[in-house]
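Asks: What follows is entry.cif; its format and atoms are mmCIF, C-alpha atoms.
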data_model
#
loop_
_atom_site.label_atom_id
_atom_site.label_comp_id
_atom_site.auth_asym_id
_atom_site.auth_seq_id
_atom_site.Cartn_x
_atom_site.Cartn_y
_atom_site.Cartn_z
CA MET A 1 -45.19 -18.39 -135.68
CA THR A 2 -42.29 -17.27 -133.47
CA ASN A 3 -43.41 -13.63 -133.22
CA ALA A 4 -46.98 -14.59 -132.26
CA THR A 5 -45.75 -16.67 -129.39
CA THR A 6 -43.28 -14.03 -128.10
CA LYS A 7 -45.79 -11.22 -127.76
CA PRO A 8 -48.06 -12.90 -125.17
CA THR A 9 -44.98 -14.06 -123.29
CA ASN A 10 -43.61 -10.53 -123.04
CA LYS A 11 -46.96 -9.24 -121.75
CA ALA A 12 -47.06 -11.95 -119.13
CA LEU A 13 -43.56 -11.14 -117.99
CA ALA A 14 -44.42 -7.45 -117.75
CA ALA A 15 -47.53 -8.20 -115.71
CA LEU A 16 -45.52 -10.49 -113.45
CA ALA A 17 -42.89 -7.79 -112.94
CA VAL A 18 -45.55 -5.25 -112.00
CA THR A 19 -47.08 -7.68 -109.54
CA VAL A 20 -43.71 -8.39 -107.94
CA MET A 21 -42.99 -4.67 -107.66
CA MET A 22 -46.34 -4.06 -105.93
CA LEU A 23 -45.68 -6.89 -103.50
CA VAL A 24 -42.22 -5.49 -102.68
CA LEU A 25 -43.66 -2.01 -102.21
CA ALA A 26 -46.38 -3.37 -99.95
CA VAL A 27 -43.76 -5.18 -97.83
CA VAL A 28 -41.60 -2.06 -97.60
CA LEU A 29 -44.55 0.18 -96.61
CA GLY A 30 -45.68 -2.38 -94.09
CA SER A 31 -42.29 -2.48 -92.44
CA VAL A 32 -42.12 1.32 -92.31
CA VAL A 33 -45.53 1.56 -90.69
CA GLY A 34 -44.63 -1.18 -88.27
CA CYS A 35 -41.49 0.66 -87.16
CA SER A 36 -43.21 4.03 -86.69
CA PRO A 37 -43.90 5.06 -83.07
CA GLN A 38 -47.31 3.98 -81.93
CA GLU A 39 -49.42 5.84 -79.40
CA SER A 40 -49.77 3.67 -76.39
CA ALA A 41 -53.24 3.04 -75.14
CA PRO A 42 -54.05 5.02 -72.02
CA ALA A 43 -53.37 2.99 -68.96
CA ALA A 44 -56.37 2.17 -66.90
CA SER A 45 -56.63 4.67 -64.08
CA VAL A 46 -55.98 3.16 -60.72
CA GLU A 47 -57.95 4.75 -57.95
CA GLN A 48 -55.67 5.63 -55.08
CA THR A 49 -57.16 4.98 -51.69
CA PRO A 50 -56.40 8.04 -49.57
CA LYS A 51 -54.30 7.25 -46.56
CA GLU A 52 -56.07 7.84 -43.30
CA ASP A 53 -54.43 10.26 -40.93
CA PRO A 54 -54.07 8.39 -37.65
CA MET A 55 -54.32 11.70 -35.79
CA ALA A 56 -57.55 12.78 -37.52
CA SER A 57 -59.80 11.21 -34.91
CA GLN A 58 -57.41 11.76 -32.02
CA THR A 59 -59.00 13.94 -29.36
CA VAL A 60 -56.87 16.83 -28.15
CA GLU A 61 -55.96 16.25 -24.54
CA TRP A 62 -56.04 19.92 -23.62
CA THR A 63 -54.24 21.28 -20.58
CA MET A 64 -53.10 24.76 -19.60
CA ASP A 65 -49.55 23.79 -20.57
CA ILE A 66 -50.37 22.48 -24.06
CA ASP A 67 -48.47 23.94 -27.03
CA CYS A 68 -51.13 26.25 -28.53
CA LYS A 69 -48.93 26.93 -31.58
CA THR A 70 -49.78 23.50 -32.99
CA CYS A 71 -53.32 24.65 -33.86
CA HIS A 72 -53.52 28.42 -33.43
CA THR A 73 -51.01 29.38 -36.14
CA THR A 74 -52.63 32.75 -36.94
CA GLU A 75 -52.31 33.96 -33.38
CA THR A 76 -48.76 32.61 -33.20
CA GLU A 77 -47.75 34.54 -36.32
CA SER A 78 -49.20 37.76 -34.91
CA MET A 79 -46.87 37.51 -31.91
CA ALA A 80 -43.88 37.97 -34.24
CA ASP A 81 -45.49 40.59 -36.49
CA ALA A 82 -44.11 44.09 -35.92
CA GLY A 83 -47.18 45.42 -37.74
CA ILE A 84 -49.30 44.22 -34.81
CA PRO A 85 -47.54 45.93 -31.91
CA GLN A 86 -50.00 44.92 -29.20
CA ALA A 87 -49.18 41.29 -30.08
CA SER A 88 -45.46 41.51 -30.87
CA GLU A 89 -44.79 43.48 -27.68
CA HIS A 90 -46.08 40.44 -25.81
CA GLY A 91 -44.09 38.05 -27.98
CA ASP A 92 -41.90 36.81 -25.13
CA LEU A 93 -44.89 35.64 -23.08
CA GLN A 94 -46.44 32.19 -23.02
CA CYS A 95 -50.11 31.92 -23.97
CA ASN A 96 -51.18 30.79 -20.51
CA GLN A 97 -49.62 33.88 -18.92
CA CYS A 98 -52.47 35.95 -20.38
CA HIS A 99 -55.12 33.33 -21.11
CA THR A 100 -55.78 32.35 -17.52
CA GLU A 101 -59.47 31.34 -17.59
CA GLU A 102 -58.82 27.61 -17.32
CA ALA A 103 -62.45 26.51 -16.91
CA VAL A 104 -63.57 28.47 -19.99
CA LEU A 105 -60.67 27.18 -22.08
CA LYS A 106 -61.30 23.58 -21.03
CA THR A 107 -64.94 23.82 -22.08
CA ALA A 108 -64.00 25.41 -25.42
CA HIS A 109 -61.65 22.52 -26.24
CA GLU A 110 -63.95 19.66 -25.27
CA GLY A 111 -64.33 17.15 -28.12
CA VAL A 112 -61.78 18.91 -30.33
CA THR A 113 -59.68 16.61 -32.52
CA TYR A 114 -56.42 17.28 -34.34
CA ALA A 115 -58.33 17.22 -37.64
CA ASP A 116 -60.60 20.10 -36.62
CA LYS A 117 -59.82 23.51 -38.07
CA PRO A 118 -59.16 26.11 -35.35
CA ALA A 119 -61.61 29.00 -35.24
CA SER A 120 -60.26 31.85 -37.36
CA LYS A 121 -61.60 34.40 -34.90
CA PRO A 122 -62.00 32.89 -31.44
CA THR A 123 -64.74 34.72 -29.56
CA VAL A 124 -64.31 33.12 -26.15
CA ILE A 125 -62.74 35.65 -23.78
CA THR A 126 -60.12 33.93 -21.66
CA VAL A 127 -58.04 36.91 -20.52
CA ASP A 128 -58.95 38.27 -17.12
CA ALA A 129 -58.69 42.07 -16.85
CA GLU A 130 -56.86 41.68 -13.55
CA THR A 131 -54.10 39.86 -15.44
CA CYS A 132 -53.49 42.96 -17.55
CA GLN A 133 -53.78 45.44 -14.71
CA THR A 134 -51.15 44.04 -12.37
CA PRO A 135 -48.27 46.34 -11.34
CA ASP A 136 -45.83 44.20 -13.33
CA CYS A 137 -47.87 44.63 -16.52
CA HIS A 138 -50.03 47.62 -17.47
CA GLY A 139 -51.28 48.89 -14.14
CA THR A 140 -54.74 50.22 -13.38
CA MET A 141 -57.03 52.06 -15.79
CA GLU A 142 -56.19 55.31 -13.98
CA GLU A 143 -52.47 54.69 -14.48
CA MET A 144 -53.03 53.86 -18.15
CA ALA A 145 -55.09 57.06 -18.57
CA VAL A 146 -52.07 59.09 -17.48
CA ILE A 147 -49.85 57.32 -20.00
CA THR A 148 -52.30 57.93 -22.88
CA ALA A 149 -53.26 61.48 -21.88
CA ASP A 150 -51.63 62.90 -25.02
CA ASN A 151 -53.17 60.35 -27.35
CA GLN A 152 -54.45 61.99 -30.55
CA GLU A 153 -55.37 58.90 -32.54
CA PHE A 154 -58.60 57.85 -30.86
CA LYS A 155 -61.21 60.24 -32.23
CA ASP A 156 -64.81 60.17 -33.43
CA GLU A 157 -66.18 61.08 -36.84
CA LYS A 158 -66.36 64.76 -35.89
CA GLY A 159 -62.71 64.82 -34.88
CA LYS A 160 -63.32 64.85 -31.12
CA VAL A 161 -60.27 63.26 -29.47
CA GLN A 162 -60.85 60.96 -26.52
CA ASN A 163 -58.32 59.52 -24.12
CA PRO A 164 -59.20 55.81 -24.53
CA HIS A 165 -58.44 54.98 -20.91
CA ASP A 166 -60.13 57.99 -19.36
CA TYR A 167 -63.61 56.53 -19.07
CA PRO A 168 -65.87 59.23 -17.53
CA SER A 169 -68.22 57.98 -14.85
CA ASN A 170 -71.90 58.27 -15.66
CA GLU A 171 -74.94 56.03 -15.53
CA GLN A 172 -74.34 54.39 -18.90
CA HIS A 173 -70.57 54.05 -18.56
CA ASP A 174 -70.77 52.63 -15.07
CA LEU A 175 -73.27 50.00 -16.22
CA MET A 176 -71.26 49.12 -19.33
CA ASN A 177 -67.88 49.35 -17.61
CA PRO A 178 -65.50 47.85 -20.21
CA THR A 179 -62.67 45.45 -19.57
CA CYS A 180 -59.35 45.41 -21.42
CA THR A 181 -60.44 42.78 -23.94
CA ASP A 182 -63.55 44.76 -24.92
CA CYS A 183 -61.31 47.15 -26.86
CA HIS A 184 -58.03 45.27 -27.12
CA ASN A 185 -57.96 42.22 -29.37
CA ILE A 186 -54.27 41.53 -28.98
CA HIS A 187 -54.01 39.45 -32.15
CA SER A 188 -55.84 41.94 -34.37
CA ASP A 189 -54.02 44.34 -36.71
CA ASN A 190 -56.58 47.14 -36.29
CA LEU A 191 -56.69 48.30 -32.69
CA GLN A 192 -58.52 51.56 -33.42
CA LYS A 193 -61.31 49.79 -35.30
CA ASP A 194 -61.71 47.19 -32.56
CA ALA A 195 -61.99 49.89 -29.89
CA MET A 196 -64.46 51.96 -31.92
CA MET A 197 -66.66 48.89 -32.42
CA TRP A 198 -67.06 48.71 -28.64
CA CYS A 199 -67.94 52.38 -28.31
CA ALA A 200 -70.32 52.15 -31.29
CA GLN A 201 -72.62 49.87 -29.30
CA CYS A 202 -73.96 53.06 -27.78
CA HIS A 203 -72.31 55.84 -29.78
CA HIS A 204 -73.76 54.36 -32.93
CA LYS A 205 -73.67 57.65 -34.81
CA GLY A 206 -69.89 57.63 -34.59
CA VAL A 207 -69.62 60.53 -32.11
CA PHE A 208 -68.64 60.54 -28.45
CA GLN A 209 -71.09 63.30 -27.52
CA CYS A 210 -73.73 62.26 -24.98
CA GLY A 211 -77.35 62.09 -26.03
CA THR A 212 -76.79 60.29 -29.33
CA CYS A 213 -78.11 56.94 -28.10
CA HIS A 214 -81.69 55.70 -28.30
CA GLU A 215 -81.17 52.84 -25.89
CA LEU A 216 -78.51 51.24 -23.76
CA ARG A 217 -77.38 47.85 -24.93
CA GLU A 218 -76.56 45.52 -22.09
CA ARG A 219 -73.51 43.28 -22.22
CA ALA A 220 -73.93 39.66 -21.24
CA VAL A 221 -72.07 38.90 -18.05
#
Once you've parsed the file, please lay out its structure as C-alpha cells.
Replies:
Amino acid sequence: MTNATTKPTNKALAALAVTVMMLVLAVVLGSVVGCSPQESAPAASVEQTPKEDPMASQTVEWTMDIDCKTCHTTETESMADAGIPQASEHGDLQCNQCHTEEAVLKTAHEGVTYADKPASKPTVITVDAETCQTPDCHGTMEEMAVITADNQEFKDEKGKVQNPHDYPSNEQHDLMNPTCTDCHNIHSDNLQKDAMMWCAQCHHKGVFQCGTCHELRERAV
C-alpha cells in the first residue's frame, strides 16, 4: 500500500519541478530580452521651412559708384590672376575707370535683384575706346602698332604673322574698323583666341590673305 501511493507522488513532484524550472527560465529569458538594446522607431521627419532671404527680392540700386565685386566675382578674380595679364595689369583700377558707358550700364541693371545670378559672360560693351586710347593709358592705335611691331604671336593658320595693331586701310577694314574691345576681352584668359574670333568674321578660312571672304559681315552700331 505504501509503495503504490509513493510512486504517483514522486511523479507529481517531478512534473511540478519541471514546471517551476520552465517558469523560472521563461522569467530569466524575458528579463534578458527586456534589457537588450531596442531599435528606436524612426522619428517622424519634420519638414523644415526654408528661411526666406530678405535680400532675395531687393532690387539693386545701381550707380556708377556701386561695389561691382558683390556680384561680378569672376571678373573680380581675374583682376588678381597673373595668368590673365590684360586683367591683372589693370588690377589697381576701379571698374568705373574703364566701364564708363553709364547709360548702357544703367539699362543693363534695371530690375536686377540681389538674388539674380550675374551673367557669366556679359556681352554688353561698356568700355569706350577713347578711354583706352588716352595718353595716360595705351595711346592711339598708331602708337600701339609701334609697340607691337615685333609681335610674333598673332599669326594665321598658314603662319603669316600680323601686327595686331597695324590695321591696313582698305574698303573692308575701314568699314569694319575695330575698337579695342572687339579683340580685347580684358577678363578673358585667351587673348589670342578672342582676337582671332574678330578677324574670323571675314577671314573665315583662318588666313589673313585678302580675297578669302565671300561677303562682308556688318557690325551693328
Asks: Might you pull out every residue within 12 Å of A:Lys121, with all atoms listed in the file counted and same-chain residues fewer than 2 positions away left off, and present them as an NGL selection string?
Replies: :A and (72-75 or 117-119 or 123-125 or 185-188)
Asks: Restricting the calculation to only C-alpha atoms: of A:Ala129, A:Cys98, A:Met176, A:Ala108, which residue gets closest to A:Cys199?
Replies: A:Met176
Asks: From the list A:Cys71, A:Thr76, A:Pro122, A:Asp166, which residue is nearest A:Thr140 when using only C-alpha atoms?
Replies: A:Asp166
Asks: Report, in Å to a single decimal, how far apart atom CA of A:Ser88 and atom CA of A:Thr63 are.
Replies: 24.3 Å
Asks: Residues within 12 Å of A:Trp198, please, as a count of residues only. Count all atoms listed in the file; anything in the same chain fewer than 5 positions from it doesn't count.
Replies: 22
Asks: Quick one: apply the PyMOL selection byres ((chain A and resi 144-149) around 12) to the file and drop the selected residues here as a VMD selection string.
Replies: chain A and resid 132 to 135 137 to 143 150 to 154 161 to 168 180
Asks: Of the residues A:Val127, A:Met22, A:Val207, A:Val112, which is the one nearest to A:Asp156, using only C-alpha atoms?
Replies: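 Comparing A:Val127, A:Met22, A:Val207, A:Val112 against A:Asp156, the winner is A:Val207.
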Asks: Pick out the closest residue to A:Thr59 from this set: A:Ala195, A:Met79, A:Leu23, A:Ala115. Count only C-alpha atoms.
Replies: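 When distances to A:Thr59 are compared using only C-alpha atoms, the smallest one comes from A:Ala115.
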Asks: Identify all residues satisfying the PyMOL selection byres ((chain A and resi 94) around 12) in the given file; provide them as a compact mmCIF listing (two decimals) with C-alpha atoms, keeping the file's coordinate frame.
Replies:
# COMPACT_ATOMS: atom_id res chain seq x y z
CA MET A 64 -53.10 24.76 -19.60
CA ASP A 65 -49.55 23.79 -20.57
CA ILE A 66 -50.37 22.48 -24.06
CA ASP A 67 -48.47 23.94 -27.03
CA CYS A 68 -51.13 26.25 -28.53
CA LYS A 69 -48.93 26.93 -31.58
CA THR A 76 -48.76 32.61 -33.20
CA MET A 79 -46.87 37.51 -31.91
CA ALA A 87 -49.18 41.29 -30.08
CA HIS A 90 -46.08 40.44 -25.81
CA GLY A 91 -44.09 38.05 -27.98
CA ASP A 92 -41.90 36.81 -25.13
CA LEU A 93 -44.89 35.64 -23.08
CA CYS A 95 -50.11 31.92 -23.97
CA ASN A 96 -51.18 30.79 -20.51
CA GLN A 97 -49.62 33.88 -18.92
CA CYS A 98 -52.47 35.95 -20.38
CA HIS A 99 -55.12 33.33 -21.11
CA THR A 100 -55.78 32.35 -17.52
Asks: Report, in Å to a single decimal, how far apart atom CA of A:Thr126 and atom CA of A:Gly111 are.
Replies: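 Those two atoms sit 18.5 Å apart.
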Asks: Which residues are close to A:His109, i.e. within 9 Å by all atoms listed in the file, leaving aside same-chain residues fewer than 5 positions away? Reply as a PyMOL selection string.
Replies: chain A and resi 60-62+104
Asks: Could you please fill out stretch 104-118 of chain A with N, CA and C atoms and send it back as a short mmCIF file (atom, residue, chain, number, x, y, z; two decimals), keeping the file's coordinate frame?
Replies:
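Listed below is the output, result_34.cif:
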data_model
loop_
_atom_site.label_atom_id
_atom_site.label_comp_id
_atom_site.auth_asym_id
_atom_site.auth_seq_id
_atom_site.Cartn_x
_atom_site.Cartn_y
_atom_site.Cartn_z
N VAL A 104 -63.00 28.08 -18.70
CA VAL A 104 -63.57 28.47 -19.99
C VAL A 104 -62.81 27.81 -21.14
N LEU A 105 -61.49 27.80 -21.04
CA LEU A 105 -60.67 27.18 -22.08
C LEU A 105 -60.92 25.68 -22.17
N LYS A 106 -61.06 25.03 -21.04
CA LYS A 106 -61.30 23.58 -21.03
C LYS A 106 -62.60 23.26 -21.72
N THR A 107 -63.64 24.04 -21.45
CA THR A 107 -64.94 23.82 -22.08
C THR A 107 -64.85 24.05 -23.59
N ALA A 108 -64.12 25.08 -23.99
CA ALA A 108 -64.00 25.41 -25.42
C ALA A 108 -63.28 24.33 -26.20
N HIS A 109 -62.43 23.54 -25.55
CA HIS A 109 -61.65 22.52 -26.24
C HIS A 109 -62.22 21.11 -26.08
N GLU A 110 -63.36 20.99 -25.46
CA GLU A 110 -63.95 19.66 -25.27
C GLU A 110 -64.36 19.07 -26.62
N GLY A 111 -63.95 17.83 -26.89
CA GLY A 111 -64.33 17.15 -28.12
C GLY A 111 -63.53 17.56 -29.34
N VAL A 112 -62.58 18.46 -29.19
CA VAL A 112 -61.78 18.91 -30.33
C VAL A 112 -60.78 17.84 -30.71
N THR A 113 -60.66 17.57 -32.03
CA THR A 113 -59.68 16.61 -32.52
C THR A 113 -58.60 17.36 -33.30
N TYR A 114 -57.52 16.66 -33.60
CA TYR A 114 -56.42 17.28 -34.34
C TYR A 114 -56.78 17.57 -35.80
N ALA A 115 -57.89 16.97 -36.27
CA ALA A 115 -58.33 17.22 -37.64
C ALA A 115 -59.23 18.44 -37.74
N ASP A 116 -59.71 18.93 -36.61
CA ASP A 116 -60.60 20.10 -36.62
C ASP A 116 -59.81 21.36 -36.94
N LYS A 117 -60.45 22.24 -37.72
CA LYS A 117 -59.82 23.51 -38.07
C LYS A 117 -60.05 24.50 -36.93
N PRO A 118 -58.99 25.13 -36.43
CA PRO A 118 -59.16 26.11 -35.35
C PRO A 118 -60.02 27.28 -35.82
#
